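This report concerns only the one structure given below.
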Amino acid sequence: MSEAITYELLHIDKNSGARRGVVHTPHGDIQTPIFMPVGTQATVKSMTPEELKNDVKAQIILANTYHLYLRPGHKLVEEAGGLHKFMNWDKPILTDSGGFQVFSLSKLRKISEEGILFNSHHDGSKHMFTPEKVMEIEEALGADIIMSFDECCPYPSTYEYTKKSMERTTRWAKRCKTAHTTSNQGLFGIIQGGFYKDLRKISAEDLISLDFPGYAIGGISVGEPKKEFLDILRYTTPLMPENKPRYLMGVGTPDYLIESALAGIDMCDCVLPTRLARHGTALTSKGKLVIRNANYERDFGKLDEECDCYTCKNYSRAYIRHLVKTNEILGIRLLSLHNLRFLTRLMENVRDAIEQDNLLGFREEFYKKYGYTII
RNA sequence: GGGCAAGUGGUCGAGUGGUUAAUGGCACCAGACUGUAAAUCUGGCCGCGAGAGCGUACGAUGGUUCGAAUCCAUCCUUGCCCA
């Protein structure tokens, strides 16, 4: 049987080593490197699928196992015909396994070898997540790419704890692979090991021996300094197979996305663009712009002169600020659309730059305008 | 004309003799946000000062008291009721 998920390498940037490729999925191809919007509860907050396709130009989105298991329940989604049909999105979907919730809901869970006992953040009810249970849920949801169940360690964590956790994550990955039954979904393994290189190496090697169709780096971008992030990113990515997609989980900001592509990463996802939007901030080519700030009250210019999105084509900073200040839903929608488009467009530019062997040049130019310094 | 009630910082509204420059909410100002417990959270919000602090403040004026937004008197304003 042929793999549900395959990677095709198109070009390697001669100057940086960054890679330009295509990931083939049952619901179509995705051009890489790519930024993937997050739609935890089977919706990219405030955006319709049409807007994601036509305006944002998203090629794939994420959804979350833990959240959809709690509400509306994976059985219900299955009954609806799977996630694609349920949410009216016919392009690829990736479901995260709930591993991140082990980290973000740390006060509400207990970890054991068997799995994780969660207290629902809605009503406190107890729920046991095991690798087998997570596979059952992700298969019912029906995403193209499904993630194995892992533990995402907080920063900082001790060497001993990180090692124990990483080894358990590897055992869980094996159990996920054993429990995985569908042929139209690709199961990815997640490399852990925190900020310890030897652990990252062991994790990568062990998971590679299990032969997943794709690999992710988990457990970074959890509050560490940028230098440590880059250090682990640059160390870990080369350990990953060249003939399979490489996914960096939870990234990120424009600089992190560019650095990831430079390191050889193919896929990234992040809640940041939609969250920033809901909190009144826009991403622009000249840096973050807190649109609710008073100095934009009478600014009738675009959010970003360089942006081609629907918001920038039609609305002024002053108007968007007014919507945000008056708590109008449209403000959140226009900002979400813009921020998402900003990142998908950034990655379009990154892909073009790789094809022209110029990602390093692109980074320099982008950083200069945005206000970042190269580390 | 008579009776009753009320006037607090941008606003609404607590507070009824002593850590009260005065609880809260809203508004306003700023910051944070990275596999979404997040349209959330944090800080600021009388003036001057980096700060200790100083100076003004609870309708107005005068008084009682060691001490008043809080008690008393008069006045002003507003609302309701009666004529």
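The way I read the labels, and the way they are meant: chains A, B, ... in the order of the structure tokens, residue 1 as the first residue of every chain, and ligand 1 as the first ligand shown, with later ones counted on from there.
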*asked:* Could you pull out the alpha helix (DSSP H) residues of range 77-202 of chain A, going by DSSP on the backbone, and write them as number ranges by chain?
replied: A: 77-79, 83-87, 99-104, 131-141, 159-179, 197-202
_Contacts from chain B to chain A, 6 Å maximum, only C-alpha atoms (C1' of nucleotides): show me the residue list as a list in words._
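Close enough to count are U34, G35, A37 and A39 of chain B.
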*One decimal, Å: what's the distance from CA of Arg363 in chain A over to CA of Arg20 in chain A, could you say?*
15.7 Å
_Spatial neighbours of G62 in chain B, max dist 12 Å, only C-alpha atoms (C1' of nucleotides), sep filter under 6 positions, as a PyMOL selection string_ = chain B and resi 72-75
For the selection you just gave me, I'd like the residues written to a file as a compact mmCIF listing (two decimals), in the first residue's frame, keeping all heavy atoms.
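Just written: part39.txt:
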```txt
# COMPACT_ATOMS: atom_id res chain seq x y z
P C B 72 -25.91 66.09 60.63
OP1 C B 72 -27.32 65.75 60.93
OP2 C B 72 -25.43 66.11 59.24
O5' C B 72 -25.58 67.51 61.28
C5' C B 72 -25.95 67.81 62.61
C4' C B 72 -25.62 69.26 62.92
O4' C B 72 -24.17 69.44 62.87
C3' C B 72 -26.14 70.26 61.91
O3' C B 72 -27.49 70.58 62.16
C2' C B 72 -25.21 71.44 62.12
O2' C B 72 -25.55 72.20 63.25
C1' C B 72 -23.87 70.73 62.36
N1 C B 72 -23.06 70.59 61.14
C2 C B 72 -22.33 71.71 60.69
O2 C B 72 -22.42 72.78 61.31
N3 C B 72 -21.57 71.59 59.58
C4 C B 72 -21.50 70.42 58.94
N4 C B 72 -20.73 70.35 57.86
C5 C B 72 -22.23 69.28 59.37
C6 C B 72 -22.98 69.40 60.47
P A B 73 -28.45 71.06 60.98
OP1 A B 73 -29.83 71.15 61.50
OP2 A B 73 -28.16 70.22 59.79
O5' A B 73 -27.90 72.53 60.70
C5' A B 73 -28.10 73.57 61.65
C4' A B 73 -27.50 74.86 61.13
O4' A B 73 -26.06 74.70 61.00
C3' A B 73 -27.95 75.25 59.73
O3' A B 73 -29.20 75.90 59.76
C2' A B 73 -26.81 76.16 59.28
O2' A B 73 -26.93 77.45 59.84
C1' A B 73 -25.61 75.45 59.89
N9 A B 73 -24.94 74.54 58.94
C8 A B 73 -25.11 73.18 58.82
N7 A B 73 -24.36 72.63 57.89
C5 A B 73 -23.66 73.71 57.37
C6 A B 73 -22.70 73.78 56.34
N6 A B 73 -22.26 72.74 55.65
N1 A B 73 -22.18 75.01 56.06
C2 A B 73 -22.62 76.06 56.76
N3 A B 73 -23.51 76.11 57.75
C4 A B 73 -24.00 74.89 58.01
P U B 74 -30.21 75.71 58.55
OP1 U B 74 -31.53 76.23 58.98
OP2 U B 74 -30.10 74.33 58.02
O5' U B 74 -29.59 76.70 57.46
C5' U B 74 -29.57 78.12 57.72
C4' U B 74 -28.64 78.78 56.74
O4' U B 74 -27.29 78.25 56.91
C3' U B 74 -28.94 78.53 55.27
O3' U B 74 -29.99 79.36 54.78
C2' U B 74 -27.59 78.86 54.64
O2' U B 74 -27.37 80.26 54.54
C1' U B 74 -26.62 78.25 55.65
N1 U B 74 -26.26 76.87 55.31
C2 U B 74 -25.23 76.69 54.40
O2 U B 74 -24.64 77.61 53.88
N3 U B 74 -24.95 75.39 54.10
C4 U B 74 -25.56 74.25 54.61
O4 U B 74 -25.18 73.14 54.25
C5 U B 74 -26.62 74.52 55.55
C6 U B 74 -26.91 75.78 55.86
P C B 75 -30.92 78.77 53.64
OP1 C B 75 -32.04 79.73 53.47
OP2 C B 75 -31.20 77.33 53.85
O5' C B 75 -29.94 78.90 52.39
C5' C B 75 -29.47 80.19 51.95
C4' C B 75 -28.36 80.03 50.96
O4' C B 75 -27.28 79.25 51.54
C3' C B 75 -28.71 79.24 49.70
O3' C B 75 -29.40 80.04 48.75
C2' C B 75 -27.33 78.85 49.20
O2' C B 75 -26.65 79.92 48.59
C1' C B 75 -26.63 78.50 50.52
N1 C B 75 -26.74 77.06 50.84
C2 C B 75 -25.89 76.16 50.16
O2 C B 75 -25.09 76.60 49.33
N3 C B 75 -25.98 74.83 50.42
C4 C B 75 -26.86 74.40 51.34
N4 C B 75 -26.91 73.09 51.57
C5 C B 75 -27.72 75.29 52.04
C6 C B 75 -27.63 76.59 51.76
```
*Excluding range 14-26 of chain B and residues on its chain fewer than 5 positions from it, collect all residues at most 7 Å away from it, counting only C-alpha atoms (C1' of nucleotides), and give them as a list of chain:residue names.*
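Listing them by chain and then by number gives B:G67, B:A68, B:U70.
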*strand (DSSP E or B) call set, DSSP backbone run, range 2-74 of chain A, as a VMD selection string*: chain A and resid 6 to 12 19 to 25 28 to 32 34 to 38 61 to 64
Residue selection dump (N, CA, C and O atoms) as a tab-separated table (two decimals), in the first residue's frame:
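Writing done, so here's part-v3.tsv:
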```tsv
chain	number	residue	atom	x	y	z
A	6	THR	N	3.48	11.77	1.41
A	6	THR	CA	4.84	11.65	0.86
A	6	THR	C	5.42	13.03	0.62
A	6	THR	O	4.69	14.01	0.46
A	7	TYR	N	6.72	13.08	0.60
A	7	TYR	CA	7.42	14.34	0.41
A	7	TYR	C	8.22	14.32	-0.89
A	7	TYR	O	8.88	13.33	-1.19
A	8	GLU	N	8.11	15.40	-1.61
A	8	GLU	CA	8.86	15.53	-2.86
A	8	GLU	C	9.75	16.76	-2.77
A	8	GLU	O	9.25	17.87	-2.55
A	9	LEU	N	11.03	16.56	-2.89
A	9	LEU	CA	11.98	17.68	-2.81
A	9	LEU	C	12.08	18.34	-4.18
A	9	LEU	O	12.32	17.67	-5.18
A	10	LEU	N	11.91	19.65	-4.22
A	10	LEU	CA	11.96	20.35	-5.51
A	10	LEU	C	13.29	21.06	-5.72
A	10	LEU	O	13.85	21.05	-6.80
A	11	HIS	N	13.78	21.68	-4.66
A	11	HIS	CA	14.99	22.47	-4.82
A	11	HIS	C	15.64	22.73	-3.48
A	11	HIS	O	14.95	22.91	-2.48
A	12	ILE	N	16.95	22.76	-3.50
A	12	ILE	CA	17.67	23.15	-2.28
A	12	ILE	C	18.42	24.45	-2.55
A	12	ILE	O	19.13	24.58	-3.56
A	19	ARG	N	15.14	24.03	2.04
A	19	ARG	CA	14.54	23.20	1.01
A	19	ARG	C	13.14	23.64	0.60
A	19	ARG	O	12.34	24.08	1.40
A	20	ARG	N	12.92	23.49	-0.67
A	20	ARG	CA	11.63	23.83	-1.28
A	20	ARG	C	11.05	22.51	-1.74
A	20	ARG	O	11.71	21.74	-2.45
A	21	GLY	N	9.79	22.21	-1.31
A	21	GLY	CA	9.24	20.91	-1.66
A	21	GLY	C	7.73	20.90	-1.75
A	21	GLY	O	7.08	21.96	-1.74
A	22	VAL	N	7.19	19.69	-1.87
A	22	VAL	CA	5.75	19.49	-1.90
A	22	VAL	C	5.43	18.30	-0.99
A	22	VAL	O	6.12	17.28	-1.05
A	23	VAL	N	4.40	18.46	-0.18
A	23	VAL	CA	3.91	17.32	0.58
A	23	VAL	C	2.61	16.87	-0.08
A	23	VAL	O	1.69	17.67	-0.25
A	24	HIS	N	2.57	15.61	-0.49
A	24	HIS	CA	1.37	15.07	-1.11
A	24	HIS	C	0.49	14.46	-0.03
A	24	HIS	O	0.96	13.68	0.80
A	25	THR	N	-0.79	14.84	-0.03
A	25	THR	CA	-1.73	14.31	0.96
A	25	THR	C	-3.00	13.84	0.24
A	25	THR	O	-3.22	14.21	-0.92
A	28	GLY	N	-4.84	16.70	-1.35
A	28	GLY	CA	-4.11	17.63	-2.21
A	28	GLY	C	-2.71	17.91	-1.71
A	28	GLY	O	-2.30	17.46	-0.64
A	29	ASP	N	-1.99	18.68	-2.52
A	29	ASP	CA	-0.59	18.98	-2.23
A	29	ASP	C	-0.46	20.24	-1.40
A	29	ASP	O	-1.28	21.15	-1.51
A	30	ILE	N	0.59	20.29	-0.61
A	30	ILE	CA	0.93	21.55	0.05
A	30	ILE	C	2.37	21.92	-0.32
A	30	ILE	O	3.26	21.08	-0.31
A	31	GLN	N	2.54	23.16	-0.68
A	31	GLN	CA	3.85	23.68	-1.09
A	31	GLN	C	4.62	24.06	0.18
A	31	GLN	O	4.10	24.77	1.04
A	32	THR	N	5.86	23.60	0.26
A	32	THR	CA	6.64	23.87	1.46
A	32	THR	C	7.91	24.64	1.13
A	32	THR	O	8.37	24.56	-0.02
A	34	ILE	N	5.93	25.89	4.62
A	34	ILE	CA	4.57	26.42	4.73
A	34	ILE	C	4.26	26.83	6.17
A	34	ILE	O	4.79	26.26	7.13
A	35	PHE	N	3.38	27.83	6.28
A	35	PHE	CA	2.79	28.16	7.58
A	35	PHE	C	1.36	27.63	7.60
A	35	PHE	O	0.58	27.91	6.68
A	36	MET	N	0.99	26.93	8.65
A	36	MET	CA	-0.33	26.33	8.76
A	36	MET	C	-1.15	27.03	9.85
A	36	MET	O	-0.77	26.99	11.03
A	37	PRO	N	-2.26	27.65	9.48
A	37	PRO	CA	-3.12	28.26	10.49
A	37	PRO	C	-3.71	27.21	11.42
A	37	PRO	O	-3.95	26.08	11.01
A	38	VAL	N	-3.94	27.60	12.67
A	38	VAL	CA	-4.47	26.68	13.65
A	38	VAL	C	-5.97	26.91	13.84
A	38	VAL	O	-6.41	28.05	14.05
A	61	ILE	N	-4.78	23.31	7.32
A	61	ILE	CA	-5.02	23.86	8.65
A	61	ILE	C	-4.94	22.75	9.71
A	61	ILE	O	-5.01	21.57	9.38
A	62	LEU	N	-4.82	23.19	10.95
A	62	LEU	CA	-4.75	22.25	12.06
A	62	LEU	C	-6.07	22.19	12.81
A	62	LEU	O	-6.85	23.13	12.78
A	63	ALA	N	-6.26	21.08	13.49
A	63	ALA	CA	-7.33	20.99	14.47
A	63	ALA	C	-6.78	20.20	15.65
A	63	ALA	O	-5.69	19.64	15.56
A	64	ASN	N	-7.51	20.16	16.75
A	64	ASN	CA	-6.96	19.56	17.96
A	64	ASN	C	-7.78	18.40	18.50
A	64	ASN	O	-8.99	18.49	18.69
```
*So which residues touch range 45-61 of chain B within 8 Å, counting only C-alpha atoms (C1' of nucleotides), skipping near sequence neighbours fewer than 4 positions away, as an NGL selection string?*
:B and (7-9 or 21 or 28-29 or 69 or 75-77)
Generate a file of the selected residues that holds N, CA, C and O atoms (P, O5', C5', C4', C3', O3' and C1' of nucleotides), formatted as an mmCIF file, in the first residue's frame.
```cif
data_model
loop_
_atom_site.group_PDB
_atom_site.id
_atom_site.type_symbol
_atom_site.label_atom_id
_atom_site.label_comp_id
_atom_site.auth_asym_id
_atom_site.auth_seq_id
_atom_site.Cartn_x
_atom_site.Cartn_y
_atom_site.Cartn_z
ATOM 1 P P G B 7 -25.568 61.484 47.379
ATOM 2 O "O5'" G B 7 -25.340 61.966 45.881
ATOM 3 C "C5'" G B 7 -24.067 62.443 45.422
ATOM 4 C "C4'" G B 7 -24.278 63.714 44.614
ATOM 5 C "C3'" G B 7 -23.051 64.627 44.589
ATOM 6 O "O3'" G B 7 -22.499 64.670 43.271
ATOM 7 C "C1'" G B 7 -25.069 65.819 45.071
ATOM 8 P P U B 8 -21.735 63.469 42.568
ATOM 9 O "O5'" U B 8 -20.554 63.172 43.589
ATOM 10 C "C5'" U B 8 -19.544 64.161 43.835
ATOM 11 C "C4'" U B 8 -18.324 63.490 44.404
ATOM 12 C "C3'" U B 8 -17.583 62.561 43.441
ATOM 13 O "O3'" U B 8 -16.676 63.295 42.625
ATOM 14 C "C1'" U B 8 -17.868 61.464 45.522
ATOM 15 P P G B 9 -16.776 63.237 41.052
ATOM 16 O "O5'" G B 9 -15.330 62.886 40.551
ATOM 17 C "C5'" G B 9 -14.395 63.924 40.167
ATOM 18 C "C4'" G B 9 -13.007 63.351 40.178
ATOM 19 C "C3'" G B 9 -12.698 62.393 39.029
ATOM 20 O "O3'" G B 9 -11.870 63.013 38.048
ATOM 21 C "C1'" G B 9 -12.172 61.403 41.121
ATOM 22 P P A B 21 -4.963 58.703 53.283
ATOM 23 O "O5'" A B 21 -5.566 58.736 51.805
ATOM 24 C "C5'" A B 21 -4.858 59.311 50.745
ATOM 25 C "C4'" A B 21 -5.400 58.752 49.458
ATOM 26 C "C3'" A B 21 -4.301 58.244 48.534
ATOM 27 O "O3'" A B 21 -4.701 57.055 47.897
ATOM 28 C "C1'" A B 21 -5.642 59.885 47.448
ATOM 29 P P C B 28 -12.147 53.091 25.521
ATOM 30 O "O5'" C B 28 -11.007 54.030 26.117
ATOM 31 C "C5'" C B 28 -11.029 55.439 25.898
ATOM 32 C "C4'" C B 28 -9.952 56.094 26.725
ATOM 33 C "C3'" C B 28 -8.557 55.525 26.509
ATOM 34 O "O3'" C B 28 -7.957 56.076 25.356
ATOM 35 C "C1'" C B 28 -8.956 55.717 28.820
ATOM 36 P P C B 29 -6.955 55.170 24.501
ATOM 37 O "O5'" C B 29 -5.654 55.154 25.420
ATOM 38 C "C5'" C B 29 -4.919 56.343 25.652
ATOM 39 C "C4'" C B 29 -3.731 56.027 26.524
ATOM 40 C "C3'" C B 29 -2.907 54.834 26.065
ATOM 41 O "O3'" C B 29 -2.021 55.167 25.019
ATOM 42 C "C1'" C B 29 -3.298 54.658 28.380
ATOM 43 P P A B 69 -12.144 64.838 54.531
ATOM 44 O "O5'" A B 69 -13.498 64.492 53.730
ATOM 45 C "C5'" A B 69 -14.105 65.439 52.864
ATOM 46 C "C4'" A B 69 -15.430 64.917 52.396
ATOM 47 C "C3'" A B 69 -16.407 64.585 53.513
ATOM 48 O "O3'" A B 69 -17.182 65.703 53.839
ATOM 49 C "C1'" A B 69 -16.227 62.757 52.005
ATOM 50 P P C B 75 -30.915 78.767 53.637
ATOM 51 O "O5'" C B 75 -29.942 78.903 52.387
ATOM 52 C "C5'" C B 75 -29.466 80.188 51.954
ATOM 53 C "C4'" C B 75 -28.357 80.025 50.958
ATOM 54 C "C3'" C B 75 -28.708 79.245 49.697
ATOM 55 O "O3'" C B 75 -29.401 80.045 48.753
ATOM 56 C "C1'" C B 75 -26.630 78.497 50.523
ATOM 57 P P C B 76 -30.436 79.332 47.786
ATOM 58 O "O5'" C B 76 -29.439 78.611 46.767
ATOM 59 C "C5'" C B 76 -28.553 79.377 45.937
ATOM 60 C "C4'" C B 76 -27.698 78.448 45.116
ATOM 61 C "C3'" C B 76 -28.476 77.410 44.328
ATOM 62 O "O3'" C B 76 -28.985 77.925 43.112
ATOM 63 C "C1'" C B 76 -26.663 76.364 45.439
ATOM 64 P P U B 77 -30.354 77.285 42.543
ATOM 65 O "O5'" U B 77 -29.866 75.860 42.019
ATOM 66 C "C5'" U B 77 -28.916 75.756 40.959
ATOM 67 C "C4'" U B 77 -28.537 74.310 40.760
ATOM 68 C "C3'" U B 77 -29.712 73.371 40.535
ATOM 69 O "O3'" U B 77 -30.160 73.391 39.188
ATOM 70 C "C1'" U B 77 -28.231 72.417 42.118
#
```
Contacts of U42 in chain B within 12 Å, only C-alpha atoms (C1' of nucleotides), excl. fewer than 2 positions in-chain, as a PDB file with N, CA, C and O atoms (P, O5', C5', C4', C3', O3' and C1' of nucleotides), in the first residue's frame:
```
ATOM      1  P     A B  30      -1.685  54.039  23.931  1.00  0.00           P
ATOM      2  O5'   A B  30      -0.763  53.004  24.734  1.00  0.00           O
ATOM      3  C5'   A B  30       0.578  53.318  25.013  1.00  0.00           C
ATOM      4  C4'   A B  30       1.139  52.369  26.049  1.00  0.00           C
ATOM      5  C3'   A B  30       1.365  50.927  25.629  1.00  0.00           C
ATOM      6  O3'   A B  30       2.533  50.782  24.842  1.00  0.00           O
ATOM      7  C1'   A B  30       0.443  50.985  27.801  1.00  0.00           C
ATOM      8  P     G B  31       2.705  49.520  23.893  1.00  0.00           P
ATOM      9  O5'   G B  31       3.022  48.327  24.900  1.00  0.00           O
ATOM     10  C5'   G B  31       4.237  48.305  25.643  1.00  0.00           C
ATOM     11  C4'   G B  31       4.220  47.148  26.604  1.00  0.00           C
ATOM     12  C3'   G B  31       4.034  45.773  25.980  1.00  0.00           C
ATOM     13  O3'   G B  31       5.245  45.261  25.485  1.00  0.00           O
ATOM     14  C1'   G B  31       2.604  45.974  27.838  1.00  0.00           C
ATOM     15  P     A B  32       5.216  44.149  24.329  1.00  0.00           P
ATOM     16  O5'   A B  32       4.649  42.860  25.072  1.00  0.00           O
ATOM     17  C5'   A B  32       5.457  42.160  26.015  1.00  0.00           C
ATOM     18  C4'   A B  32       4.649  41.068  26.659  1.00  0.00           C
ATOM     19  C3'   A B  32       4.219  39.937  25.730  1.00  0.00           C
ATOM     20  O3'   A B  32       5.254  38.987  25.623  1.00  0.00           O
ATOM     21  C1'   A B  32       2.387  40.627  27.059  1.00  0.00           C
ATOM     22  P     C B  33       5.437  38.244  24.174  1.00  0.00           P
ATOM     23  O5'   C B  33       4.238  37.200  24.049  1.00  0.00           O
ATOM     24  C5'   C B  33       3.984  36.209  25.065  1.00  0.00           C
ATOM     25  C4'   C B  33       2.556  35.736  24.866  1.00  0.00           C
ATOM     26  C3'   C B  33       2.372  34.978  23.558  1.00  0.00           C
ATOM     27  O3'   C B  33       1.681  33.758  23.772  1.00  0.00           O
ATOM     28  C1'   C B  33       0.848  36.802  23.713  1.00  0.00           C
ATOM     29  P     U B  40     -11.879  39.500  26.373  1.00  0.00           P
ATOM     30  O5'   U B  40     -10.886  38.676  27.309  1.00  0.00           O
ATOM     31  C5'   U B  40     -11.045  37.277  27.494  1.00  0.00           C
ATOM     32  C4'   U B  40      -9.722  36.663  27.889  1.00  0.00           C
ATOM     33  C3'   U B  40      -8.958  37.422  28.956  1.00  0.00           C
ATOM     34  O3'   U B  40      -9.421  37.067  30.251  1.00  0.00           O
ATOM     35  C1'   U B  40      -7.497  36.919  27.186  1.00  0.00           C
ATOM     36  P     G B  44      -0.366  49.118  39.021  1.00  0.00           P
ATOM     37  O5'   G B  44      -0.442  50.348  38.010  1.00  0.00           O
ATOM     38  C5'   G B  44       0.716  51.125  37.732  1.00  0.00           C
ATOM     39  C4'   G B  44       0.386  52.170  36.705  1.00  0.00           C
ATOM     40  C3'   G B  44      -0.716  53.137  37.091  1.00  0.00           C
ATOM     41  O3'   G B  44      -0.235  54.180  37.905  1.00  0.00           O
ATOM     42  C1'   G B  44      -1.077  52.396  34.888  1.00  0.00           C
TER      43        G B  44
END
```
_Nearby residues (only C-alpha atoms (C1' of nucleotides)) at most 12 Å from Lys227 in chain A, same-chain spacing under 2 positions excluded, as number ranges by chain_ = A: 195, 220-221, 223-225, 229-234, 256, 259, 373-375
Got time to write the residues from that selection, all heavy atoms, as a short mmCIF file (atom, residue, chain, number, x, y, z; two decimals), in the first residue's frame?
```
data_model
loop_
_atom_site.label_atom_id
_atom_site.label_comp_id
_atom_site.auth_asym_id
_atom_site.auth_seq_id
_atom_site.Cartn_x
_atom_site.Cartn_y
_atom_site.Cartn_z
N PHE A 195 15.94 20.75 25.76
CA PHE A 195 17.06 21.56 25.30
C PHE A 195 18.39 20.85 25.53
O PHE A 195 19.42 21.48 25.74
CB PHE A 195 16.99 22.94 25.94
CG PHE A 195 15.78 23.69 25.45
CD1 PHE A 195 14.54 23.50 26.05
CD2 PHE A 195 15.85 24.49 24.31
CE1 PHE A 195 13.40 24.13 25.54
CE2 PHE A 195 14.73 25.12 23.81
CZ PHE A 195 13.49 24.93 24.43
N ILE A 220 9.90 22.79 21.61
CA ILE A 220 10.64 24.05 21.61
C ILE A 220 9.66 25.18 21.28
O ILE A 220 8.51 24.92 20.93
CB ILE A 220 11.88 24.08 20.66
CG1 ILE A 220 11.49 23.78 19.23
CG2 ILE A 220 12.93 23.14 21.16
CD1 ILE A 220 12.69 23.92 18.27
N SER A 221 10.14 26.42 21.44
CA SER A 221 9.23 27.55 21.37
C SER A 221 8.23 27.47 22.51
O SER A 221 7.02 27.59 22.33
CB SER A 221 8.52 27.58 20.01
OG SER A 221 7.97 28.85 19.80
N GLY A 223 8.91 29.28 25.46
CA GLY A 223 9.28 30.35 26.37
C GLY A 223 10.78 30.52 26.58
O GLY A 223 11.22 31.36 27.35
N GLU A 224 11.58 29.71 25.86
CA GLU A 224 13.04 29.81 26.00
C GLU A 224 13.58 31.02 25.23
O GLU A 224 12.92 31.52 24.33
CB GLU A 224 13.69 28.52 25.47
CG GLU A 224 13.70 28.38 23.95
CD GLU A 224 12.37 27.93 23.39
OE1 GLU A 224 11.43 27.70 24.16
OE2 GLU A 224 12.24 27.84 22.14
N PRO A 225 14.80 31.46 25.55
CA PRO A 225 15.41 32.54 24.78
C PRO A 225 15.63 32.11 23.32
O PRO A 225 15.81 30.92 23.05
CB PRO A 225 16.77 32.76 25.46
CG PRO A 225 16.63 32.14 26.80
CD PRO A 225 15.65 31.03 26.67
N PHE A 229 16.47 28.41 21.32
CA PHE A 229 15.56 27.89 20.29
C PHE A 229 16.34 27.57 19.02
O PHE A 229 16.25 26.48 18.45
CB PHE A 229 14.47 28.92 20.01
CG PHE A 229 13.72 28.69 18.72
CD1 PHE A 229 12.67 27.78 18.67
CD2 PHE A 229 14.08 29.37 17.57
CE1 PHE A 229 12.01 27.55 17.48
CE2 PHE A 229 13.41 29.15 16.37
CZ PHE A 229 12.37 28.24 16.33
N LEU A 230 17.12 28.55 18.57
CA LEU A 230 17.88 28.39 17.32
C LEU A 230 18.90 27.25 17.45
O LEU A 230 19.09 26.47 16.51
CB LEU A 230 18.61 29.70 16.99
CG LEU A 230 17.72 30.86 16.56
CD1 LEU A 230 18.54 32.12 16.38
CD2 LEU A 230 16.96 30.53 15.28
N ASP A 231 19.49 27.18 18.60
CA ASP A 231 20.51 26.16 18.83
C ASP A 231 19.93 24.75 18.66
O ASP A 231 20.48 23.91 17.95
CB ASP A 231 21.05 26.36 20.26
CG ASP A 231 22.39 25.68 20.45
OD1 ASP A 231 23.13 25.60 19.45
OD2 ASP A 231 22.67 25.23 21.57
N ILE A 232 18.79 24.51 19.31
CA ILE A 232 18.16 23.18 19.22
C ILE A 232 17.59 22.95 17.82
O ILE A 232 17.70 21.85 17.26
CB ILE A 232 17.06 23.05 20.30
CG1 ILE A 232 17.70 22.97 21.68
CG2 ILE A 232 16.19 21.83 20.04
CD1 ILE A 232 18.57 21.74 21.90
N LEU A 233 17.00 24.00 17.26
CA LEU A 233 16.45 23.87 15.90
C LEU A 233 17.53 23.47 14.91
O LEU A 233 17.37 22.54 14.11
CB LEU A 233 15.84 25.21 15.49
CG LEU A 233 15.46 25.36 14.01
CD1 LEU A 233 14.26 24.47 13.69
CD2 LEU A 233 15.14 26.82 13.66
N ARG A 234 18.66 24.17 14.96
CA ARG A 234 19.74 23.94 14.00
C ARG A 234 20.44 22.60 14.26
O ARG A 234 21.04 22.03 13.34
CB ARG A 234 20.75 25.10 14.06
CG ARG A 234 20.18 26.36 13.46
CD ARG A 234 21.00 27.59 13.81
NE ARG A 234 20.38 28.80 13.27
CZ ARG A 234 20.72 30.04 13.64
NH1 ARG A 234 21.68 30.23 14.54
NH2 ARG A 234 20.11 31.07 13.11
N TYR A 256 11.05 33.52 13.47
CA TYR A 256 11.16 32.08 13.74
C TYR A 256 10.82 31.27 12.49
O TYR A 256 11.41 30.22 12.24
CB TYR A 256 10.24 31.67 14.90
CG TYR A 256 10.84 31.87 16.28
CD1 TYR A 256 11.63 32.97 16.56
CD2 TYR A 256 10.59 30.96 17.30
CE1 TYR A 256 12.17 33.16 17.83
CE2 TYR A 256 11.12 31.13 18.57
CZ TYR A 256 11.92 32.24 18.83
OH TYR A 256 12.45 32.41 20.10
N GLU A 259 13.82 31.49 10.16
CA GLU A 259 14.92 30.69 10.70
C GLU A 259 14.63 29.20 10.53
O GLU A 259 15.54 28.41 10.27
CB GLU A 259 15.13 31.02 12.18
CG GLU A 259 15.58 32.45 12.46
CD GLU A 259 16.92 32.80 11.83
OE1 GLU A 259 17.69 31.89 11.48
OE2 GLU A 259 17.20 34.01 11.69
N THR A 373 17.20 41.63 14.58
CA THR A 373 18.63 41.48 14.31
C THR A 373 18.95 40.00 14.17
O THR A 373 18.35 39.17 14.85
CB THR A 373 19.50 42.07 15.43
OG1 THR A 373 18.96 41.64 16.68
CG2 THR A 373 19.48 43.59 15.38
N ILE A 374 19.87 39.70 13.27
CA ILE A 374 20.23 38.29 13.03
C ILE A 374 21.07 37.76 14.18
O ILE A 374 22.02 38.41 14.61
CB ILE A 374 21.00 38.17 11.69
CG1 ILE A 374 20.07 38.54 10.53
CG2 ILE A 374 21.56 36.75 11.52
CD1 ILE A 374 20.74 38.63 9.17
N ILE A 375 20.66 36.60 14.70
CA ILE A 375 21.45 35.96 15.75
C ILE A 375 22.20 34.78 15.14
O ILE A 375 21.59 33.94 14.52
CB ILE A 375 20.56 35.44 16.90
CG1 ILE A 375 19.82 36.61 17.55
CG2 ILE A 375 21.41 34.72 17.93
CD1 ILE A 375 18.93 36.20 18.69
#
```
_Given only C-alpha atoms as the basis, pick out the residue of A:Ile5, A:Ile190, A:Leu343, A:Leu337 nearest to Lys53 in chain A._
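Among the listed residues, A:Leu337 lies closest to Lys53 in chain A.
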